[in-house]
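Beneath this line is the structure, given in structure tokens, with notes to follow.
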Amino acid sequence: MSKILVVDDEEHIRLLYSEELKEAGYEVITAESGYKLLEKIEEEKPDLVVLDIKMVDYNGLDILQDIRNQFYDLPVILSTAYDTFKEDMKSIAADFYVVKSFDLTELKNKIAMALEARLPD
Amino acid sequence: MAFYEENPGQIARADIVVGIPSVNEAGNIAGTVARVDKGLSEYFPDMRCAIINCDNHSSDGTREAFFSVPGKAAKLYISTEPGVGGKGRNIRNFFEKARQLDPKALMIIEADIRNVSPVWVRNLLAPVLKGAGFVCPLYERHKYETFLSNAIVYPLFRSLYGRRVRQCNTGDYGFSPKLLDFYLNPPFRSEMVDNSGIDIWMANIALASRLPIAQAIMGAPKLHRVRGRFADLPALFAEAVSTIFDLVQVYENYWLQVKWSKPTALFGTDLQEVETPLPVEVNPERLHEKFIEDFDKYFMLWEHVYGPITARKLQEIRSIGFQHFSFPTQTWMTILFDSAVAYRAMSLSEKKDLVDGLLPLYVGKVLSYIKKTWRMSLQQAEEYIENECMTFEENKPYIIKMWTKGERG
């Protein structure tokens, strides 16, 4: 079972994503901020991270850089309420992005694609 | 090995080696060398650095201009013998000389760039010193620059090799000594690679090397002589596209295993100021004329290589007329994948005909892209290209099926 780490400072989003993704067959863990996130990734070894871009104390795009530098091929899906972030080149280090919605179909599709992505060893 | 070498400092070792290929660049090379030297001293002050001008025996004083620049980095000059040209040969000489110096990081940058910034040197080399195998720049580009990258290189490389590297054919790269070993013992070289196909060849080998890839944000456009828009286009197109198709065969065991694509690491995200690319003028009417002019000349070849379904699509495209001209991504994807498969079993002359015949279709695709993105911002045009790449990725099973079974869909 693939393990997904959901990072979002809004509790209702963490709950929604957790429930829906668990129903879809994933193991889900959550974090409410970028605080000690790299340590958490090191410890929990998730297969994929769903990362909110705009958190109160953290910029998701900066966290994305840190994740990419330390965990080169760990899939990261940016989750955002607005698509203005695409103007920032840092966003191209993400595997995908999704606009936040109560319908998680797109998020589940992107998670499946990101987990399927494969390069030869 | 290079025919001629000048190493006034008798340099035998260097931590960082920068190569500047040239042919008759006396008017440009000094500025590039000065700024590269500044970047090396500023960002790598404790490392032994060398700059190598790998030249095609220029007759305009390039060598003298290169050595005239004062600076901290050691300077070496190497050259092919008189009458032997080709950027690829210069860079091969650079690889061989660089290996002798046993570097920790290497970089190649073109001689004619008017706005090299010292921070570019940091951005191409620092990721290598941190473990990247290959660093490709991300220049600020206008939506109508580098059509070859937009229409062919990026979608093909991304769907085949699974890495999203946006500007693979820039000619400026950072790379590691491990990748240098791949370049010195390549699975394939050709006359095309000895010329301008070298840029694509370097990037393609890097993508299949399994070494970590990074992209470096440069924060500015690359201002240099632009080749490939008009008179030089057929030769540059043939050298790039043939090299891609040759390497598709070489790396079949790699790309057949790739599914979807992955992003790369990014470097240079700290750059505060980003310059806007200069406007690029295009002539859509001329592109349409060119597409129509060559249509009858190559239609039989297209029908033979791509089959009746695609041939019918092409006739539909021709019949649309300029005002509503559109070249569907699905058709373009099928043509490129079919071309790669057909190329494998062809004689040298047939391969040349195939690539020559692909050029007018490419012109049609470029025209279609211009018309679709005419009112789009740069960011919207980028999203348009991203969507095109997804079409290529989604249809990867098509090329796998044709490649493994020799079937056309």
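Ligands are numbered from 1 in the order shown, residues from 1 within each chain, and chains are lettered A, B, ... in the order they appear in the structure tokens.
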Show me a table, sorted first by chain and then by increasing residue number, of the residues of chain B having an atom at most 6 Å from chain A, each with its shortest atom pair and the distance in Å to one decimal, counting only C-alpha atoms and written as a tab-separated table.
```
residue	atom	partner	partner_atom	distance
B:Val258	CA	A:Leu119	CA	4.8
B:Lys259	CA	A:Arg118	CA	4.9
B:Trp260	CA	A:Ala117	CA	4.9
B:Pro263	CA	A:Ala93	CA	5.4
B:Thr264	CA	A:Ala93	CA	5.9
B:Ala265	CA	A:Arg68	CA	5.6
```
May I have the residues from that selection written out with N, CA and C atoms, as an mmCIF file, in the first residue's frame?
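Writing the result to selection.cif gives the following:
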```
data_model
loop_
_atom_site.group_PDB
_atom_site.id
_atom_site.type_symbol
_atom_site.label_atom_id
_atom_site.label_comp_id
_atom_site.auth_asym_id
_atom_site.auth_seq_id
_atom_site.Cartn_x
_atom_site.Cartn_y
_atom_site.Cartn_z
ATOM 1 N N VAL B 258 10.537 3.278 -19.569
ATOM 2 C CA VAL B 258 10.103 4.537 -18.946
ATOM 3 C C VAL B 258 8.591 4.691 -19.032
ATOM 4 N N LYS B 259 7.996 5.070 -17.922
ATOM 5 C CA LYS B 259 6.566 5.376 -17.927
ATOM 6 C C LYS B 259 6.348 6.777 -17.354
ATOM 7 N N TRP B 260 5.535 7.570 -18.018
ATOM 8 C CA TRP B 260 5.288 8.969 -17.660
ATOM 9 C C TRP B 260 6.619 9.726 -17.560
ATOM 10 N N PRO B 263 9.928 15.402 -12.857
ATOM 11 C CA PRO B 263 10.646 16.684 -12.902
ATOM 12 C C PRO B 263 12.110 16.495 -12.483
ATOM 13 N N THR B 264 12.870 17.552 -12.590
ATOM 14 C CA THR B 264 14.265 17.500 -12.144
ATOM 15 C C THR B 264 14.428 18.415 -10.932
ATOM 16 N N ALA B 265 15.603 18.353 -10.343
ATOM 17 C CA ALA B 265 15.938 19.338 -9.312
ATOM 18 C C ALA B 265 16.155 20.685 -10.000
#
```
Applying 6 Å and only C-alpha atoms, which residues near region 209-224 of chain B remain after dropping the ones on its own chain fewer than 2 positions away? List them as a ChimeraX atom specification. /B:112-114,120,123,132-141,205-207,264-268,274-275,277
Let me see the file: selected residues, C-alpha atoms, as an mmCIF file, in the first residue's frame.
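Dumped to out-v3.cif:
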```
data_model
loop_
_atom_site.group_PDB
_atom_site.id
_atom_site.type_symbol
_atom_site.label_atom_id
_atom_site.label_comp_id
_atom_site.auth_asym_id
_atom_site.auth_seq_id
_atom_site.Cartn_x
_atom_site.Cartn_y
_atom_site.Cartn_z
ATOM 1 C CA ASP B 112 29.221 34.189 -28.862
ATOM 2 C CA ILE B 113 26.950 34.916 -25.894
ATOM 3 C CA ARG B 114 26.871 38.674 -25.343
ATOM 4 C CA TRP B 120 25.491 31.537 -14.702
ATOM 5 C CA ASN B 123 24.418 27.904 -11.523
ATOM 6 C CA ALA B 132 24.253 16.343 -10.230
ATOM 7 C CA GLY B 133 25.472 14.533 -13.333
ATOM 8 C CA PHE B 134 24.115 17.026 -15.847
ATOM 9 C CA VAL B 135 22.898 20.598 -15.483
ATOM 10 C CA CYS B 136 20.848 22.177 -18.212
ATOM 11 C CA PRO B 137 20.146 25.923 -18.195
ATOM 12 C CA LEU B 138 16.710 27.485 -18.141
ATOM 13 C CA TYR B 139 17.114 30.759 -19.997
ATOM 14 C CA GLU B 140 14.295 33.258 -20.179
ATOM 15 C CA ARG B 141 12.875 32.596 -23.612
ATOM 16 C CA ILE B 205 23.295 10.726 -23.392
ATOM 17 C CA ALA B 206 22.853 12.547 -20.090
ATOM 18 C CA LEU B 207 19.138 11.696 -19.973
ATOM 19 C CA THR B 264 14.265 17.500 -12.144
ATOM 20 C CA ALA B 265 15.938 19.338 -9.312
ATOM 21 C CA LEU B 266 16.168 23.109 -9.782
ATOM 22 C CA PHE B 267 19.071 25.406 -9.013
ATOM 23 C CA GLY B 268 19.280 29.183 -9.016
ATOM 24 C CA VAL B 274 14.517 38.140 -14.002
ATOM 25 C CA GLU B 275 15.008 39.822 -17.361
ATOM 26 C CA PRO B 277 13.244 37.961 -23.264
#
```
Using only C-alpha atoms, which residues sit within 12 Å of region 102-104 of chain A once same-chain residues fewer than 6 positions away are excluded, as an MDAnalysis selection string? chainID A and resid 12:21 23:24 79 81 110:111
Tell me, which residues of region 29-81 of chain B carry DSSP strand (DSSP E or B), written as a PyMOL selection string? chain B and resi 49-55+74-79
Write to file, as a PDB file, in the first residue's frame, the residues of the selection just made, with C-alpha atoms.
```
ATOM      1  CA  CYS B  49      40.110  26.427 -12.560  1.00  0.00           C
ATOM      2  CA  ALA B  50      40.980  26.174 -16.216  1.00  0.00           C
ATOM      3  CA  ILE B  51      39.305  27.601 -19.302  1.00  0.00           C
ATOM      4  CA  ILE B  52      39.896  25.734 -22.546  1.00  0.00           C
ATOM      5  CA  ASN B  53      39.190  27.336 -25.888  1.00  0.00           C
ATOM      6  CA  CYS B  54      38.476  24.399 -28.212  1.00  0.00           C
ATOM      7  CA  ASP B  55      38.717  25.921 -31.632  1.00  0.00           C
ATOM      8  CA  ALA B  74      44.515  28.999 -16.331  1.00  0.00           C
ATOM      9  CA  LYS B  75      43.982  29.168 -20.086  1.00  0.00           C
ATOM     10  CA  LEU B  76      44.571  26.416 -22.615  1.00  0.00           C
ATOM     11  CA  TYR B  77      44.012  26.506 -26.346  1.00  0.00           C
ATOM     12  CA  ILE B  78      43.361  23.409 -28.445  1.00  0.00           C
ATOM     13  CA  SER B  79      42.388  23.138 -32.085  1.00  0.00           C
TER      14      SER B  79
END
```
Nearest residue to Gly85 (chain B) from the set B:Met402, B:Val23, B:Ile244, B:Ala2 (distances using only C-alpha atoms): B:Val23
Could you please determine the separation between CA of Asp9 (chain A) and CA of Lys54 (chain A) in Å, to one decimal place?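 Here the two named atoms are 8.6 Å from each other.
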Surrounding residues of Gly34 (chain A) excluding itself and chain neighbours under 4 positions, 9 Å, only C-alpha atoms, as a ChimeraX atom specification: /A:7-8,38,55,57-60,63
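For Arg286 (chain B), the set of protein, DNA and RNA residues having any atom at most 10 Å away, when counting only C-alpha atoms and skipping those fewer than 5 positions along the same chain, is Phe291, Ile292, Val363 and Leu367 of chain B.
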Take the residues from that selection and write them out as a tab-separated table (two decimals), in the first residue's frame, keeping N, CA and C atoms.
```tsv
chain	number	residue	atom	x	y	z
B	291	PHE	N	5.16	25.43	-46.23
B	291	PHE	CA	4.47	24.15	-46.00
B	291	PHE	C	3.77	23.69	-47.29
B	292	ILE	N	3.06	24.61	-47.93
B	292	ILE	CA	2.32	24.28	-49.16
B	292	ILE	C	3.28	23.95	-50.30
B	363	VAL	N	7.64	22.65	-40.18
B	363	VAL	CA	7.26	24.04	-40.48
B	363	VAL	C	5.76	24.21	-40.27
B	367	LEU	N	3.94	26.64	-37.51
B	367	LEU	CA	2.90	27.60	-37.88
B	367	LEU	C	1.66	27.39	-37.00
```
Distance query region 16-18 of chain B at most 7 Å, only C-alpha atoms, self and fewer than 2 positions along chain excluded, as a list in words: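 Here the answer would be Ala14, Ile20, Arg48, Cys49, Ala50, Ile51, Ile52, Ala98, Pro103, Lys104, Ala105, Leu106, Met107 and Ile108 of chain B.
Nearest residue to Ile77 (chain A), choosing from B:Arg375, B:Lys262, B:Lys313, B:Lys290 and counting only C-alpha atoms: B:Lys262.
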Shortest interatomic distance to Thr170 (chain B) - which of B:Ala311, B:Leu354, B:Ile200, B:Met300, counting only C-alpha atoms: B:Ile200
